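Colleague: What follows is work01.cif, mmCIF, C-alpha atoms.
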data_entry
loop_
_atom_site.label_atom_id
_atom_site.label_comp_id
_atom_site.auth_asym_id
_atom_site.auth_seq_id
_atom_site.Cartn_x
_atom_site.Cartn_y
_atom_site.Cartn_z
CA MET Y 249 273.61 48.98 103.65
CA ALA Y 250 271.63 45.77 104.04
CA ASP Y 251 267.84 46.38 104.00
CA ILE Y 252 267.44 44.48 107.28
CA GLY Y 253 269.93 43.57 109.92
CA TYR Y 254 272.11 40.48 109.82
CA ASN Y 255 271.73 37.47 112.06
CA ILE Y 256 275.27 36.73 113.26
CA LEU Y 257 276.11 33.30 114.70
CA ILE Y 258 279.59 32.91 116.21
CA ASN Y 259 281.35 29.74 117.35
CA ASN Y 260 282.26 30.59 120.93
CA ARG Y 261 285.27 28.22 120.82
CA SER Y 262 286.84 29.67 117.68
CA GLY Y 263 290.35 31.05 117.99
CA THR Y 264 289.41 34.72 117.66
CA VAL Y 265 286.80 34.52 120.43
CA LEU Y 266 289.23 32.76 122.74
CA ASN Y 267 291.95 35.34 122.01
CA MET Y 268 289.88 38.54 122.03
CA GLY Y 269 287.01 37.66 124.33
CA GLN Y 270 283.31 38.14 123.71
CA PRO Y 271 283.09 41.76 124.99
CA ALA Y 272 285.83 42.93 122.60
CA ILE Y 273 284.13 41.26 119.65
CA GLU Y 274 280.77 42.78 120.57
CA SER Y 275 282.47 46.18 120.67
CA ALA Y 276 284.09 45.59 117.26
CA ILE Y 277 280.73 44.67 115.73
CA GLU Y 278 279.07 47.73 117.23
CA ALA Y 279 281.90 50.02 116.10
CA SER Y 280 281.71 48.69 112.53
CA GLY Y 281 278.24 50.15 112.04
CA ILE Y 282 276.84 46.93 110.55
CA THR Y 283 273.12 46.50 111.17
CA VAL Y 284 272.46 43.50 113.42
CA ALA Y 285 269.14 41.71 113.92
CA GLU Y 286 270.48 39.07 116.33
CA LEU Y 287 273.98 38.31 117.62
CA CYS Y 288 274.54 34.89 119.16
CA PHE Y 289 277.74 33.41 120.63
CA CYS Y 290 277.18 29.67 120.68
CA GLU Y 291 279.00 26.64 122.11
CA PRO Y 292 279.95 24.09 119.41
CA GLU Y 293 277.41 21.52 120.62
CA ASP Y 294 274.60 24.09 120.27
CA MET Y 295 275.63 25.50 116.88
CA ALA Y 296 273.49 23.15 114.76
CA GLN Y 297 270.24 23.86 116.60
CA THR Y 298 270.81 27.62 116.62
CA LEU Y 299 271.77 27.56 112.95
CA MET Y 300 268.53 25.85 112.00
CA ARG Y 301 266.54 28.42 113.95
CA MET Y 302 268.34 31.34 112.32
CA ALA Y 303 268.06 29.75 108.88
CA LYS Y 304 264.27 30.09 109.09
CA SER Y 305 264.56 33.87 109.44
CA ASP Y 306 264.37 36.26 106.50
CA ALA Y 307 267.42 38.10 107.87
CA PRO Y 308 270.70 37.46 106.02
CA LEU Y 309 272.99 35.13 107.95
CA LEU Y 310 276.68 35.55 108.82
CA ILE Y 311 278.70 32.73 110.42
CA GLY Y 312 281.73 33.47 112.58
CA GLY Y 313 284.20 30.61 112.83
CA GLY Y 314 287.05 28.79 111.15
CA ASP Y 315 286.91 26.74 107.97
CA GLY Y 316 285.57 23.74 109.91
CA THR Y 317 282.62 25.78 111.19
CA ILE Y 318 281.95 27.12 107.68
CA ARG Y 319 282.05 23.57 106.29
CA GLU Y 320 279.56 22.34 108.89
CA THR Y 321 277.27 25.27 108.07
CA ALA Y 322 277.37 24.43 104.36
CA ALA Y 323 276.59 20.77 105.09
CA ALA Y 324 273.61 21.76 107.26
CA LEU Y 325 272.17 24.25 104.77
CA VAL Y 326 272.51 22.17 101.58
CA GLY Y 327 269.13 22.11 99.88
CA LYS Y 328 267.54 24.62 102.27
CA LYS Y 329 267.93 27.63 99.95
CA LYS Y 330 269.52 29.70 102.71
CA ALA Y 331 272.66 31.59 101.81
CA PHE Y 332 275.24 32.52 104.42
CA GLY Y 333 278.29 34.76 104.70
CA VAL Y 334 281.63 34.33 106.44
CA LEU Y 335 283.28 36.19 109.30
CA PRO Y 336 286.90 35.02 109.83
CA PHE Y 337 287.31 33.68 113.37
CA GLY Y 338 289.57 30.66 112.82
CA THR Y 339 293.23 29.84 112.26
CA MET Y 340 293.54 29.67 108.47
CA ASN Y 341 290.23 31.21 107.29
CA LEU Y 342 290.81 30.00 103.72
CA MET Y 343 287.25 30.60 102.55
CA ALA Y 344 287.23 34.11 104.02
CA LYS Y 345 290.48 34.92 102.20
CA ASP Y 346 289.01 33.60 98.95
CA LEU Y 347 286.30 36.22 99.44
CA ASN Y 348 288.94 38.90 100.19
CA LEU Y 349 287.81 39.07 103.82
CA ASN Y 350 291.24 39.07 105.41
CA SER Y 351 290.23 40.33 108.84
CA LEU Y 352 287.16 40.60 111.04
CA GLN Y 353 287.11 44.38 110.61
CA ALA Y 354 287.33 44.08 106.82
CA ALA Y 355 284.50 41.53 106.75
CA LEU Y 356 282.17 43.58 108.95
CA SER Y 357 282.82 46.68 106.87
CA ALA Y 358 282.28 44.84 103.57
CA TYR Y 359 279.03 43.17 104.60
CA GLY Y 360 277.86 46.43 106.12
CA GLU Y 361 277.91 47.91 102.60
CA GLY Y 362 275.70 45.13 101.25
CA HIS Y 363 276.00 41.73 99.62
CA GLU Y 364 274.91 39.52 96.77
CA ILE Y 365 274.21 35.78 96.59
CA GLN Y 366 276.78 33.66 94.74
CA ASP Y 367 276.61 29.91 94.06
CA VAL Y 368 279.98 28.26 94.75
CA ASP Y 369 281.33 24.78 94.09
CA ALA Y 370 281.34 22.04 96.73
CA GLY Y 371 283.87 19.22 96.89
CA TYR Y 372 283.10 15.82 98.38
CA VAL Y 373 285.30 13.02 99.71
CA ASN Y 374 283.48 9.76 100.48
CA GLY Y 375 280.30 11.80 100.90
CA GLU Y 376 281.84 14.40 103.22
CA ILE Y 377 281.54 17.97 101.93
CA PHE Y 378 284.47 20.39 101.76
CA LEU Y 379 284.53 23.97 100.55
CA CYS Y 380 288.30 24.47 100.53
CA CYS Y 381 290.42 21.32 100.51
CA ALA Y 382 291.03 17.85 101.90
CA SER Y 383 294.42 16.24 102.54
CA ILE Y 384 296.16 13.06 103.64
CA GLY Y 385 299.62 12.36 104.98
CA THR Y 386 301.54 14.95 106.95
CA MET Y 387 298.83 17.64 107.09
CA PRO Y 388 296.18 15.75 109.10
CA GLN Y 389 298.93 14.38 111.33
CA ALA Y 390 300.06 17.95 112.00
CA SER Y 391 296.47 18.99 112.74
CA VAL Y 392 296.17 16.24 115.37
CA PHE Y 393 299.51 17.28 116.90
CA ARG Y 394 298.41 20.93 117.03
CA GLU Y 395 295.13 20.12 118.79
CA GLU Y 396 296.81 17.80 121.29
CA ASN Y 397 299.39 20.44 122.20
CA ARG Y 398 297.41 23.68 121.83
CA THR Y 399 297.11 24.36 125.57
CA ARG Y 400 300.64 23.30 126.53
CA TYR Y 401 303.44 25.85 126.30
CA ASN Y 402 301.65 27.83 123.58
CA PHE Y 403 304.70 30.03 122.97
CA LEU Y 404 306.57 26.90 121.82
CA LEU Y 405 303.76 25.44 119.71
CA ILE Y 406 304.74 27.00 116.37
CA PRO Y 407 308.43 25.91 116.42
CA ARG Y 408 307.43 22.47 117.72
CA LEU Y 409 304.81 22.16 114.96
CA PHE Y 410 307.36 23.19 112.34
CA LEU Y 411 309.79 20.49 113.51
CA PHE Y 412 306.95 17.95 113.62
CA VAL Y 413 306.05 18.68 110.00
CA VAL Y 414 309.67 18.38 108.82
CA ASP Y 415 310.05 15.07 110.68
CA HIS Y 416 306.83 13.61 109.27
CA LEU Y 417 307.51 14.76 105.73
CA ASP Y 418 310.64 12.62 106.07
CA LYS Y 419 308.78 9.68 107.63
CA ASN Y 420 306.00 9.77 105.03
CA LYS Y 421 308.11 10.39 101.93
CA ARG Y 422 307.84 6.76 100.75
CA GLN Y 423 304.05 6.54 101.05
CA ARG Y 424 302.68 4.91 97.90
CA ILE Y 425 299.70 6.56 96.21
CA ARG Y 426 297.53 5.13 93.46
CA LEU Y 427 295.35 7.70 91.76
CA GLN Y 428 292.66 7.71 89.11
CA ILE Y 429 291.74 11.08 87.58
CA ASP Y 430 288.76 10.95 85.23
CA GLY Y 431 289.79 7.38 84.30
CA ALA Y 432 293.54 8.02 83.89
CA ARG Y 433 295.78 6.04 86.31
CA LEU Y 434 298.87 7.33 88.11
CA LYS Y 435 301.27 5.92 90.72
CA PHE Y 436 303.67 7.94 92.85
CA ARG Y 437 305.12 8.35 96.33
CA ALA Y 438 304.27 11.43 98.38
CA ALA Y 439 304.52 12.62 101.97
CA ALA Y 440 301.53 14.96 101.66
CA VAL Y 441 298.64 15.12 99.21
CA VAL Y 442 296.07 17.93 99.02
CA ILE Y 443 292.89 17.88 96.93
CA SER Y 444 291.50 21.36 96.43
CA ASN Y 445 288.02 22.50 95.47
CA ASN Y 446 289.30 24.38 92.37
CA ARG Y 447 292.93 25.25 91.67
CA PHE Y 448 295.12 27.40 93.85
CA ALA Y 449 296.37 30.63 92.32
CA GLU Y 450 300.09 31.25 91.97
CA THR Y 451 301.63 33.68 94.45
CA THR Y 452 304.94 35.48 94.20
CA SER Y 453 305.44 37.22 97.55
CA TRP Y 454 304.66 36.86 101.22
CA THR Y 455 302.18 39.75 101.04
CA GLU Y 456 299.71 37.62 99.07
CA SER Y 457 297.54 34.79 100.36
CA ASN Y 458 299.47 31.59 99.73
CA PHE Y 459 296.35 29.44 99.48
CA LYS Y 460 293.88 31.60 97.60
CA ARG Y 461 292.08 29.84 94.76
CA GLN Y 462 291.72 30.98 91.18
CA SER Y 463 287.95 30.59 91.30
CA LEU Y 464 285.16 29.29 93.51
CA GLN Y 465 283.11 28.36 90.44
CA GLY Y 466 285.63 26.60 88.19
CA GLY Y 467 283.94 23.21 88.46
CA GLU Y 468 287.14 21.17 88.89
CA LEU Y 469 289.27 19.49 91.52
CA ALA Y 470 293.03 19.97 91.74
CA ILE Y 471 295.42 17.54 93.42
CA TYR Y 472 298.81 18.65 94.78
CA ALA Y 473 301.44 16.12 95.84
CA SER Y 474 304.66 16.84 97.72
CA THR Y 475 307.40 14.48 96.57
CA THR Y 476 310.27 15.97 98.60
CA LYS Y 477 312.86 13.33 99.52
CA SER Y 478 315.42 15.03 101.77
CA ARG Y 479 315.27 17.24 104.85
CA LEU Y 480 316.70 20.09 102.79
CA SER Y 481 313.91 19.78 100.21
CA HIS Y 482 311.33 19.51 103.02
CA LEU Y 483 312.63 22.77 104.49
CA ARG Y 484 312.63 24.46 101.08
CA LEU Y 485 308.99 23.51 100.49
CA LEU Y 486 307.92 24.67 103.96
CA LEU Y 487 309.64 28.01 103.41
CA ARG Y 488 307.79 28.46 100.12
CA LEU Y 489 304.52 27.55 101.81
CA ILE Y 490 305.16 30.34 104.30
CA VAL Y 491 306.44 33.09 101.99
CA GLY Y 492 304.73 32.19 98.71
CA ASN Y 493 305.46 30.67 95.29
CA TRP Y 494 305.01 27.10 96.57
CA LEU Y 495 303.35 25.95 93.35
CA LYS Y 496 306.68 26.36 91.56
CA ASP Y 497 308.59 24.14 93.96
CA PRO Y 498 310.34 21.43 91.87
CA ASP Y 499 308.92 18.71 94.13
CA MET Y 500 305.30 19.87 93.90
CA SER Y 501 303.03 18.36 91.24
CA GLU Y 502 299.55 19.45 90.16
CA GLN Y 503 296.81 17.56 88.31
CA VAL Y 504 293.19 18.59 87.66
CA GLY Y 505 289.99 16.67 87.04
CA LYS Y 506 286.35 16.27 88.02
CA ARG Y 507 286.54 12.88 89.75
CA MET Y 508 289.50 11.40 91.60
CA THR Y 509 289.95 8.08 93.38
CA LEU Y 510 292.93 7.83 95.72
CA THR Y 511 294.19 4.56 97.21
CA THR Y 512 296.98 3.88 99.73
CA HIS Y 513 298.17 0.68 101.41
CA ARG Y 514 295.92 1.41 104.41
CA LYS Y 515 292.29 0.41 104.87
CA LYS Y 516 291.65 3.75 106.59
CA GLU Y 517 293.31 7.14 106.23
CA LEU Y 518 293.35 10.23 108.39
CA VAL Y 519 291.90 12.99 106.22
CA SER Y 520 291.95 16.69 107.04
CA ILE Y 521 288.69 18.12 105.67
CA ASP Y 522 288.71 21.93 105.77
CA GLY Y 523 290.94 21.65 108.84
CA GLU Y 524 288.85 19.03 110.67
CA VAL Y 525 290.40 15.54 110.89
CA ALA Y 526 288.35 12.41 110.17
CA GLU Y 527 289.22 8.76 109.59
CA LEU Y 528 287.80 7.53 106.28
CA MET Y 529 287.82 4.17 104.54
CA THR Y 530 289.92 3.84 101.39
CA PRO Y 531 289.69 4.26 98.51
CA LEU Y 532 289.00 7.95 98.90
CA VAL Y 533 286.62 9.14 96.19
CA PHE Y 534 286.64 12.87 95.41
CA THR Y 535 283.94 14.57 93.37
CA ILE Y 536 282.77 18.14 92.80
CA LYS Y 537 279.29 19.65 92.55
CA PRO Y 538 279.45 22.93 90.60
CA ARG Y 539 277.66 26.00 92.01
CA TYR Y 540 276.07 23.91 94.76
CA ILE Y 541 276.31 26.13 97.86
CA GLN Y 542 274.70 29.57 98.22
CA MET Y 543 276.94 32.13 99.88
CA LEU Y 544 276.58 35.80 100.74
CA VAL Y 545 279.41 37.69 99.07
CA PRO Y 546 280.14 41.39 99.75
CA LEU Y 547 279.35 43.66 96.83
CA PRO Y 548 282.29 44.32 94.49
CA GLN Y 549 284.10 47.64 94.91
CA ASP Y 550 282.79 49.02 91.60
CA ALA Y 551 279.22 48.08 92.55
CA GLU Y 552 279.59 49.98 95.82
CA ALA Y 553 280.91 53.02 93.98
CA ALA Y 554 277.98 52.92 91.54
#
Hey, can you dump this file as structure tokens for me?
Modeller:
Amino acid sequence: MADIGYNILINNRSGTVLNMGQPAIESAIEASGITVAELCFCEPEDMAQTLMRMAKSDAPLLIGGGDGTIRETAAALVGKKKAFGVLPFGTMNLMAKDLNLNSLQAALSAYGEGHEIQDVDAGYVNGEIFLCCASIGTMPQASVFREENRTRYNFLLIPRLFLFVVDHLDKNKRQRIRLQIDGARLKFRAAAVVISNNRFAETTSWTESNFKRQSLQGGELAIYASTTKSRLSHLRLLLRLIVGNWLKDPDMSEQVGKRMTLTTHRKKELVSIDGEVAELMTPLVFTIKPRYIQMLVPLPQDAEAA
């Protein structure tokens, strides 16, 4: 167990809180047996101030939220020598899955057994930090559509989002991309481009995480471009994204490097940065800072057994 209790800061507008409710989450935390110093449910506009207060404490810090909340935490704590852990409360929870924390219960149990500090890589696009990935094209457009329609006919949101993505993969398929990777120049057309903080691992079945990375300390960027050209190929790629093995799609390309500059025909591009959409000036410059962010990582299974 941790020597002292955890400070736990939870984004009160994250998906899990909205779905479960605060009382149910409080009960889950109590039932897990994890030692808690302070538990705080915070509105998004108050997160930064509360984070800074908790960061001054000697108690280890856990952040409950989606990838956007985790990204904002990392940005706030850079250079402050305060590590933090992750409780999955969002939609995708990519960072949590990279740490094998696939559910709230699993995360509480794992951190309850103890943790270690691990330095992980940080990606940057035009000075904006990202821990997981950034993307242009269809993905940020889909994120905007999802947020605009989240409260309307929620039972229809998933099929409507699926159709939106297929339609915009078709609309964007001729988008011209100019790319420099560590000095090498490439030109191609792509409907969706993703730049990942380290490479994604290959998956072979729907039981595995489709977007888990090979390493959080590999010190490289990876760029993935979807070059599908027909509705049938769009559907095939989307199916692989859902069930796994998407890296082997014939219309998916992968390149790796430490510095990438991406240019389109637009002066500004919508960019999804760890799930949060921003409008950035082009060219988009991507860099990586190895082992730059301190994170609390649950102890490995063999360490627990020892």
Colleague: Run the PyMOL selection byres ((chain Y and resi 462) around 9) mentally over the shown coordinates, then write out the matched residues as a count of residues only, using the chain letters and numbers from the document.
Modeller: 11
Colleague: Point out the residue among Y:Pro407, Y:Glu395, Y:Asp367, Y:Leu495 with the least atom-to-atom distance to Gly467 (chain Y), counting all atoms listed in the file.
Modeller: Y:Asp367
Colleague: Mind working out the centre and edge lengths of an axis-aligned box for region 320-325 of chain Y, all listed atoms inside, 4 Å added to each side, rounded to one decimal in Å and written as JSON?
Modeller:
{"center_x": 275.9, "center_y": 23.0, "center_z": 106.6, "size_x": 15.4, "size_y": 12.5, "size_z": 12.5}
Colleague: Could you check how far CA of Val373 (chain Y) sits from CA of Phe534 (chain Y), in Å to one decimal?
Modeller: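 It comes out at 4.5 Å.
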Colleague: Just so the selection is clear, what residues does the PyMOL selection byres ((chain Y and resi 287-294) around 8) cover here, as a VMD selection string?
Modeller: chain Y and resid 255 to 261 270 284 to 286 295 to 298
Colleague: Under the rule that all atoms listed in the file are counted, which of Y:Ser280, Y:His513, Y:Cys381, Y:Lys421 is the nearest residue to Ala358 (chain Y)?
Modeller: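 Ranking Y:Ser280, Y:His513, Y:Cys381, Y:Lys421 by distance to Ala358 (chain Y), first place goes to Y:Ser280.
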Colleague: Quick one, how far is CA of Gly505 (chain Y) from CA of Arg539 (chain Y)?
Modeller: 16.2 Å
Colleague: State, in Å with one decimal place, the distance from CA of Ala473 (chain Y) to CA of Ala323 (chain Y).
Modeller: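 Taking CA of Ala473 (chain Y) and CA of Ala323 (chain Y), their separation equals 26.9 Å.
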Colleague: What lies within 12 Å of Gly253 (chain Y) using all atoms listed in the file, ignoring chain neighbours under 3 positions off, as a list in words?
Modeller: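 Here the qualifying residues turn out to be Met249, Ala250, Ile256, Gly281, Ile282, Thr283, Val284, Ala285, Glu286, Leu287, Ser305, Asp306, Ala307, Pro308, Leu309, Leu310, Tyr359, Gly360, Glu361 and Gly362 of chain Y.
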Colleague: Could you list as a list in words every residue that has an atom within 9 Å of (294.8, 9.3, 97.8), using the file's coordinates and counting all atoms listed in the file?
Modeller: Ser383, Ile384, Ile425, Arg426, Leu427, Val441, Val442, Ile443, Met508, Thr509, Leu510, Thr511, Thr512, Glu517, Thr530, Pro531, Leu532 and Val533 of chain Y
Colleague: Take the PyMOL selection byres ((chain Y and resi 380) around 8), apply it to the structure above, and return the hits as a list in words.
Modeller: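 When the PyMOL selection byres ((chain Y and resi 380) around 8) is applied, the selected residues are Asp315, Leu342, Met343, Gly371, Phe378, Leu379, Cys381, Ala382, Ser444, Asn445 and Asp522 of chain Y.
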Colleague: Pick out the residues sitting within 6 Å of Gln423 (chain Y), and hand them over as a PyMOL selection string; count all atoms listed in the file, and ignore anything fewer than 2 positions along from it in its own chain.
Modeller: chain Y and resi 420-421+437-438
Colleague: Have a look at Y:Lys516, Y:Leu411, Y:Ile318, Y:Asn458 and name the one nearest to Asn493 (chain Y); count all atoms listed in the file.
Modeller: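 Between Y:Lys516, Y:Leu411, Y:Ile318, Y:Asn458, the residue approaching Asn493 (chain Y) most closely is Y:Asn458.
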Colleague: Using all atoms listed in the file, what residues lie at most 12 Å away from (270.0, 24.3, 103.1) (file coordinates), given as a PyMOL selection string?
Modeller: chain Y and resi 299-300+302-304+320-332+540-543
